[in-house]
Amino acid sequence: MDEKIARVIAAADGIIVAKVDGNFDRNCYGVTGPENYVALEHSDGSRTYYYNLKMVI
């Protein structure tokens with residue numbers, strides 16, 4: 001995170017359909033508060049969300 005490099009290996013192929021970056025990354029407060037995430041949509045229409053990421057895309 002401090003080097004501004006992140007590698008994420010997705011569970012299945014997909015297209016990035018949403019992403020949020022820039023939220024504070026040093027504390028996790030559970031499911032409350034803003035998170036950094038990437039949302040992938042798969043060929044069957046399902047989506048996978050990867051939360052609590054600091055990313056450079």
# chains A, B, ... in the order shown; residues from 1 in each chain; ligands from 1

$ residues_around --residues "A:Ser43" --least-positions-apart "4" --cutoff "10 Å" --atoms "only C-alpha atoms" --output "NGL selection string"
:A and (12-15 or 47)

$ residues_around --residues "A:Ala39" --least-positions-apart "5" --cutoff "10 Å" --atoms "only C-alpha atoms" --output "ChimeraX atom specification"
/A:14-20,47-51

$ closest_residue --among "A:Val8, A:Asn36, A:Glu41, A:Ser46" --to "A:Asp21" --atoms "only C-alpha atoms"
A:Asn36
